[in-house]
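Trainee: Input structure: final-v5.txt, which contains compact mmCIF, C-alpha atoms.
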# COMPACT_ATOMS: atom_id res chain seq x y z
CA MET E 1 237.44 269.81 -41.60
CA ALA E 2 235.35 272.61 -40.12
CA GLU E 3 234.82 270.72 -36.86
CA ALA E 4 238.58 270.22 -36.50
CA LEU E 5 239.12 273.98 -36.86
CA ILE E 6 236.40 274.69 -34.29
CA PHE E 7 237.92 272.28 -31.78
CA ALA E 8 241.42 273.68 -32.44
CA ALA E 9 240.13 277.21 -31.81
CA ILE E 10 238.47 276.14 -28.56
CA LEU E 11 241.64 274.32 -27.48
CA GLY E 12 243.68 277.44 -28.23
CA LEU E 13 241.28 279.52 -26.16
CA LEU E 14 241.48 277.00 -23.33
CA VAL E 15 245.29 277.10 -23.30
CA THR E 16 245.28 280.90 -23.44
CA VAL E 17 242.85 281.19 -20.53
CA MET E 18 244.81 278.65 -18.49
CA ASN E 19 247.98 280.70 -19.03
CA CYS E 20 246.14 283.87 -18.03
CA VAL E 21 244.87 282.12 -14.90
CA ARG E 22 248.44 281.15 -14.09
CA TYR E 23 249.54 284.78 -13.93
CA ALA E 24 246.29 286.34 -12.68
CA ASP E 25 247.10 286.04 -8.98
CA PRO E 26 249.93 288.50 -8.26
CA ASP E 27 250.05 287.54 -4.56
CA HIS E 28 250.35 283.83 -5.38
CA HIS E 29 247.96 282.98 -2.59
CA PRO E 30 248.44 279.19 -2.28
CA VAL E 31 244.83 278.23 -1.58
CA ARG E 32 243.50 280.51 -4.30
CA LEU E 33 246.07 279.21 -6.78
CA TYR E 34 245.18 275.60 -5.89
CA ARG E 35 241.45 276.23 -6.35
CA THR E 36 242.09 278.10 -9.58
CA TRP E 37 243.97 275.15 -11.00
CA GLN E 38 241.21 272.80 -9.83
CA TRP E 39 238.72 274.74 -11.94
CA ALA E 40 241.14 274.94 -14.88
CA LEU E 41 241.74 271.19 -14.68
CA GLY E 42 237.99 270.63 -14.60
CA ALA E 43 237.67 272.69 -17.79
CA ALA E 44 240.42 270.72 -19.49
CA LEU E 45 238.86 267.40 -18.48
CA CYS E 46 235.42 268.47 -19.72
CA TYR E 47 236.92 269.59 -23.01
CA CYS E 48 238.89 266.35 -23.48
CA ALA E 49 235.81 264.28 -22.65
CA ALA E 50 233.83 266.29 -25.23
CA LEU E 51 236.49 265.59 -27.85
CA LEU E 52 236.46 261.87 -27.04
CA CYS E 53 232.67 261.68 -27.18
CA TYR E 54 232.56 263.62 -30.46
CA GLY E 55 235.26 261.41 -31.97
CA TRP E 56 233.49 258.26 -30.85
CA GLY E 57 230.26 259.47 -32.43
CA ALA E 58 232.00 260.57 -35.62
CA PHE E 59 233.63 257.19 -36.09
CA SER E 60 230.64 255.06 -35.14
CA GLY E 61 230.12 252.76 -38.08
CA PHE E 62 233.04 254.43 -39.90
CA THR E 63 234.53 251.32 -41.48
CA LYS E 64 231.24 249.64 -42.38
CA THR E 65 228.84 252.55 -42.77
CA GLY E 66 226.51 250.89 -45.29
CA GLU E 67 226.34 247.67 -43.30
CA ALA E 68 225.79 249.52 -40.00
CA CYS E 69 222.99 251.55 -41.60
CA ALA E 70 221.28 248.44 -42.92
CA VAL E 71 221.44 246.66 -39.56
CA ASP E 72 220.14 249.74 -37.68
CA ALA E 73 217.29 250.05 -40.18
CA GLY E 74 216.30 246.41 -39.69
CA LYS E 75 217.36 245.42 -43.20
CA PRO E 76 219.77 242.66 -44.20
CA PRO E 77 223.46 243.69 -44.03
CA THR E 78 223.70 243.40 -47.82
CA ALA E 79 221.03 246.10 -48.38
CA ARG E 80 223.17 249.13 -49.07
CA PRO E 81 221.61 252.60 -48.65
CA ASP E 82 221.02 254.76 -51.71
CA SER E 83 222.62 257.81 -50.09
CA ILE E 84 224.62 258.62 -46.98
CA SER E 85 224.90 262.21 -45.73
CA GLN E 86 227.10 263.44 -42.91
CA ASP E 87 226.96 266.66 -40.88
CA ALA E 88 229.56 267.94 -38.43
CA PHE E 89 227.19 269.78 -36.07
CA PRO E 90 224.93 268.42 -34.95
CA LEU E 91 226.93 265.29 -35.61
CA SER E 92 224.98 262.89 -37.82
CA THR E 93 225.44 260.18 -40.42
CA VAL E 94 222.06 259.65 -42.11
CA CYS E 95 221.46 256.74 -44.48
CA ARG E 96 218.52 256.87 -46.92
CA TRP E 97 216.85 254.23 -49.07
CA GLU E 98 214.51 254.76 -52.01
CA ASP E 99 211.59 253.32 -50.00
CA GLY E 100 211.80 256.34 -47.66
CA THR E 101 213.64 254.61 -44.83
CA GLU E 102 216.08 256.88 -42.99
CA VAL E 103 218.37 255.99 -40.12
CA ASP E 104 221.05 257.96 -38.26
CA ILE E 105 223.86 255.70 -37.07
CA VAL E 106 225.36 258.27 -34.68
CA PRO E 107 224.08 257.40 -31.19
CA LEU E 108 221.34 259.75 -30.02
CA PHE E 109 223.13 260.81 -26.84
CA VAL E 110 226.36 262.04 -28.52
CA ASN E 111 225.27 265.60 -29.40
CA PRO E 112 223.67 266.48 -26.02
CA VAL E 113 226.64 265.02 -24.12
CA VAL E 114 229.15 266.97 -26.24
CA LEU E 115 227.16 270.17 -25.74
CA ALA E 116 226.89 269.60 -21.97
CA LEU E 117 230.62 268.91 -21.67
CA VAL E 118 231.57 272.04 -23.64
CA ALA E 119 229.19 274.08 -21.45
CA GLY E 120 230.81 272.51 -18.38
CA ALA E 121 234.25 273.51 -19.68
CA VAL E 122 233.09 277.11 -20.16
CA VAL E 123 231.61 277.24 -16.64
CA CYS E 124 234.83 275.83 -15.16
CA LEU E 125 236.90 278.40 -17.05
CA VAL E 126 234.71 281.23 -15.78
CA TYR E 127 235.11 280.01 -12.20
CA ALA E 128 238.88 279.57 -12.68
CA VAL E 129 239.27 283.17 -13.76
CA ARG E 130 236.88 284.37 -11.04
CA THR E 131 238.80 282.45 -8.36
CA ALA E 132 242.18 283.66 -9.64
CA ARG E 133 241.02 287.26 -9.42
CA GLY E 134 240.04 286.76 -5.79
CA HIS E 135 236.26 286.83 -6.28
CA GLY E 136 235.87 283.16 -5.40
CA ASN E 137 235.98 281.74 -1.89
CA ALA E 138 239.70 281.12 -1.37
CA HIS E 139 239.45 279.79 2.18
CA GLY E 140 236.74 277.19 2.12
Please express what this file holds, its structure, as structure tokens.
Mentor:
Amino acid sequence: MAEALIFAAILGLLVTVMNCVRYADPDHHPVRLYRTWQWALGAALCYCAALLCYGWGAFSGFTKTGEACAVDAGKPPTARPDSISQDAFPLSTVCRWEDGTEVDIVPLFVNPVVLALVAGAVVCLVYAVRTARGHGNAHG
């Protein structure tokens, strides 16, 4: 639930900034406006890709968590874990057995990719605002 609120807050911020960018150029310089929207679109795409990656990681093994854990741990699919713990950030689904075996069924690359995409969205938003205010290179 907390991760949904975080993503909703970020999406709200993204929409707010994009609306601010829309009205930030009082002269409506066409090249500057075009470049501003390029950066804003880049931010939106990075953010959507981060959401997709996070969702894919969150639902990896969702329907058959115990079976997926057993297979990833090299155990037979019928060997159910003794406990399964989930965390929203960093995203993880850890299965534990009494013999000390632990396995995380969320792919290893999910968290770094989500973080990189969110950082990319922030950078694009900064450049969108900078370009809209006329600090970016509007002619080339």
Trainee: At a cut-off of 12 Å around the point (234.7, 266.4, -27.3) (file coordinates), what residues fall inside when counting all atoms listed in the file? I'd like the answer as a PyMOL selection string.
Mentor: chain E and resi 3-4+6-8+10-11+43-58+91+110-121
Trainee: Just C-alpha atoms for this one: save the residues we selected as an mmCIF file, in the frame of the given file.
Mentor:
data_model
loop_
_atom_site.group_PDB
_atom_site.id
_atom_site.type_symbol
_atom_site.label_atom_id
_atom_site.label_comp_id
_atom_site.auth_asym_id
_atom_site.auth_seq_id
_atom_site.Cartn_x
_atom_site.Cartn_y
_atom_site.Cartn_z
ATOM 1 C CA GLU E 3 234.820 270.720 -36.860
ATOM 2 C CA ALA E 4 238.580 270.220 -36.500
ATOM 3 C CA ILE E 6 236.400 274.690 -34.290
ATOM 4 C CA PHE E 7 237.920 272.280 -31.780
ATOM 5 C CA ALA E 8 241.420 273.680 -32.440
ATOM 6 C CA ILE E 10 238.470 276.140 -28.560
ATOM 7 C CA LEU E 11 241.640 274.320 -27.480
ATOM 8 C CA ALA E 43 237.670 272.690 -17.790
ATOM 9 C CA ALA E 44 240.420 270.720 -19.490
ATOM 10 C CA LEU E 45 238.860 267.400 -18.480
ATOM 11 C CA CYS E 46 235.420 268.470 -19.720
ATOM 12 C CA TYR E 47 236.920 269.590 -23.010
ATOM 13 C CA CYS E 48 238.890 266.350 -23.480
ATOM 14 C CA ALA E 49 235.810 264.280 -22.650
ATOM 15 C CA ALA E 50 233.830 266.290 -25.230
ATOM 16 C CA LEU E 51 236.490 265.590 -27.850
ATOM 17 C CA LEU E 52 236.460 261.870 -27.040
ATOM 18 C CA CYS E 53 232.670 261.680 -27.180
ATOM 19 C CA TYR E 54 232.560 263.620 -30.460
ATOM 20 C CA GLY E 55 235.260 261.410 -31.970
ATOM 21 C CA TRP E 56 233.490 258.260 -30.850
ATOM 22 C CA GLY E 57 230.260 259.470 -32.430
ATOM 23 C CA ALA E 58 232.000 260.570 -35.620
ATOM 24 C CA LEU E 91 226.930 265.290 -35.610
ATOM 25 C CA VAL E 110 226.360 262.040 -28.520
ATOM 26 C CA ASN E 111 225.270 265.600 -29.400
ATOM 27 C CA PRO E 112 223.670 266.480 -26.020
ATOM 28 C CA VAL E 113 226.640 265.020 -24.120
ATOM 29 C CA VAL E 114 229.150 266.970 -26.240
ATOM 30 C CA LEU E 115 227.160 270.170 -25.740
ATOM 31 C CA ALA E 116 226.890 269.600 -21.970
ATOM 32 C CA LEU E 117 230.620 268.910 -21.670
ATOM 33 C CA VAL E 118 231.570 272.040 -23.640
ATOM 34 C CA ALA E 119 229.190 274.080 -21.450
ATOM 35 C CA GLY E 120 230.810 272.510 -18.380
ATOM 36 C CA ALA E 121 234.250 273.510 -19.680
#
Trainee: Please indicate the distance in Å from CA of Val103 in chain E to CA of Pro81 in chain E, rounded to one decimal place.
Mentor: 9.7 Å
Trainee: Applying 10 Å and all atoms listed in the file, which residues near Tyr127 in chain E remain after dropping the ones on its own chain fewer than 6 positions away? List them as a list of chain:residue names.
Mentor: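 Surrounding residues, per the criterion: E:Arg35, E:Thr36, E:Gln38, E:Trp39, E:Ala40, E:Ala43, E:Ala121, E:Arg133, E:His135, E:Gly136.
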Trainee: Record the distance separating CA of Arg80 in chain E and CA of Thr101 in chain E, expressed in Å with one decimal.
Mentor: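 Computing the Euclidean distance for CA of Arg80 in chain E and CA of Thr101 in chain E yields 11.8 Å.
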Trainee: Which of these, E:Leu41, E:Leu33, E:Leu125, E:Ala68, has the shortest distance to Asp104 in chain E once you count only C-alpha atoms?
Mentor: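 Smallest distance to Asp104 in chain E is found for E:Ala68.
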Trainee: Counting only C-alpha atoms, figure out which residue out of E:Val122, E:Val31, E:Ala132, E:Ala79 gets nearest to Glu98 in chain E.
Mentor: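 For Glu98 in chain E, the nearest of the given residues is E:Ala79.
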Trainee: What is the distance between CA of Thr65 in chain E and CA of Phe89 in chain E, in Å to one decimal?
Mentor: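 Going from CA of Thr65 in chain E over to CA of Phe89 in chain E covers 18.6 Å.
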Trainee: Please supply range 45-60 of chain E, rebuilt with N, CA and C atoms, as a PDB file, in the frame of the given file.
Mentor:
ATOM      1  N   LEU E  45     239.444 268.739 -18.463  1.00  0.00           N
ATOM      2  CA  LEU E  45     238.860 267.400 -18.480  1.00  0.00           C
ATOM      3  C   LEU E  45     237.521 267.371 -19.221  1.00  0.00           C
ATOM      4  N   CYS E  46     236.700 268.391 -18.994  1.00  0.00           N
ATOM      5  CA  CYS E  46     235.420 268.470 -19.720  1.00  0.00           C
ATOM      6  C   CYS E  46     235.665 268.575 -21.225  1.00  0.00           C
ATOM      7  N   TYR E  47     236.620 269.398 -21.590  1.00  0.00           N
ATOM      8  CA  TYR E  47     236.920 269.590 -23.010  1.00  0.00           C
ATOM      9  C   TYR E  47     237.448 268.301 -23.638  1.00  0.00           C
ATOM     10  N   CYS E  48     238.355 267.609 -22.959  1.00  0.00           N
ATOM     11  CA  CYS E  48     238.890 266.350 -23.480  1.00  0.00           C
ATOM     12  C   CYS E  48     237.801 265.290 -23.585  1.00  0.00           C
ATOM     13  N   ALA E  49     236.926 265.234 -22.602  1.00  0.00           N
ATOM     14  CA  ALA E  49     235.810 264.280 -22.650  1.00  0.00           C
ATOM     15  C   ALA E  49     234.880 264.613 -23.819  1.00  0.00           C
ATOM     16  N   ALA E  50     234.660 265.900 -24.091  1.00  0.00           N
ATOM     17  CA  ALA E  50     233.830 266.290 -25.230  1.00  0.00           C
ATOM     18  C   ALA E  50     234.473 265.857 -26.537  1.00  0.00           C
ATOM     19  N   LEU E  51     235.775 266.031 -26.647  1.00  0.00           N
ATOM     20  CA  LEU E  51     236.490 265.590 -27.850  1.00  0.00           C
ATOM     21  C   LEU E  51     236.383 264.075 -28.040  1.00  0.00           C
ATOM     22  N   LEU E  52     236.563 263.331 -26.961  1.00  0.00           N
ATOM     23  CA  LEU E  52     236.460 261.870 -27.040  1.00  0.00           C
ATOM     24  C   LEU E  52     235.057 261.433 -27.454  1.00  0.00           C
ATOM     25  N   CYS E  53     234.049 262.032 -26.856  1.00  0.00           N
ATOM     26  CA  CYS E  53     232.670 261.680 -27.180  1.00  0.00           C
ATOM     27  C   CYS E  53     232.351 262.022 -28.636  1.00  0.00           C
ATOM     28  N   TYR E  54     232.790 263.198 -29.076  1.00  0.00           N
ATOM     29  CA  TYR E  54     232.560 263.620 -30.460  1.00  0.00           C
ATOM     30  C   TYR E  54     233.267 262.673 -31.428  1.00  0.00           C
ATOM     31  N   GLY E  55     234.503 262.329 -31.112  1.00  0.00           N
ATOM     32  CA  GLY E  55     235.260 261.410 -31.970  1.00  0.00           C
ATOM     33  C   GLY E  55     234.619 260.044 -32.028  1.00  0.00           C
ATOM     34  N   TRP E  56     234.150 259.563 -30.876  1.00  0.00           N
ATOM     35  CA  TRP E  56     233.490 258.260 -30.850  1.00  0.00           C
ATOM     36  C   TRP E  56     232.227 258.284 -31.706  1.00  0.00           C
ATOM     37  N   GLY E  57     231.458 259.357 -31.613  1.00  0.00           N
ATOM     38  CA  GLY E  57     230.260 259.470 -32.430  1.00  0.00           C
ATOM     39  C   GLY E  57     230.573 259.614 -33.900  1.00  0.00           C
ATOM     40  N   ALA E  58     231.638 260.362 -34.217  1.00  0.00           N
ATOM     41  CA  ALA E  58     232.000 260.570 -35.620  1.00  0.00           C
ATOM     42  C   ALA E  58     232.472 259.289 -36.276  1.00  0.00           C
ATOM     43  N   PHE E  59     233.116 258.428 -35.512  1.00  0.00           N
ATOM     44  CA  PHE E  59     233.630 257.190 -36.090  1.00  0.00           C
ATOM     45  C   PHE E  59     232.737 255.983 -35.849  1.00  0.00           C
ATOM     46  N   SER E  60     231.550 256.186 -35.314  1.00  0.00           N
ATOM     47  CA  SER E  60     230.640 255.060 -35.140  1.00  0.00           C
ATOM     48  C   SER E  60     230.190 254.566 -36.508  1.00  0.00           C
TER      49      SER E  60
END
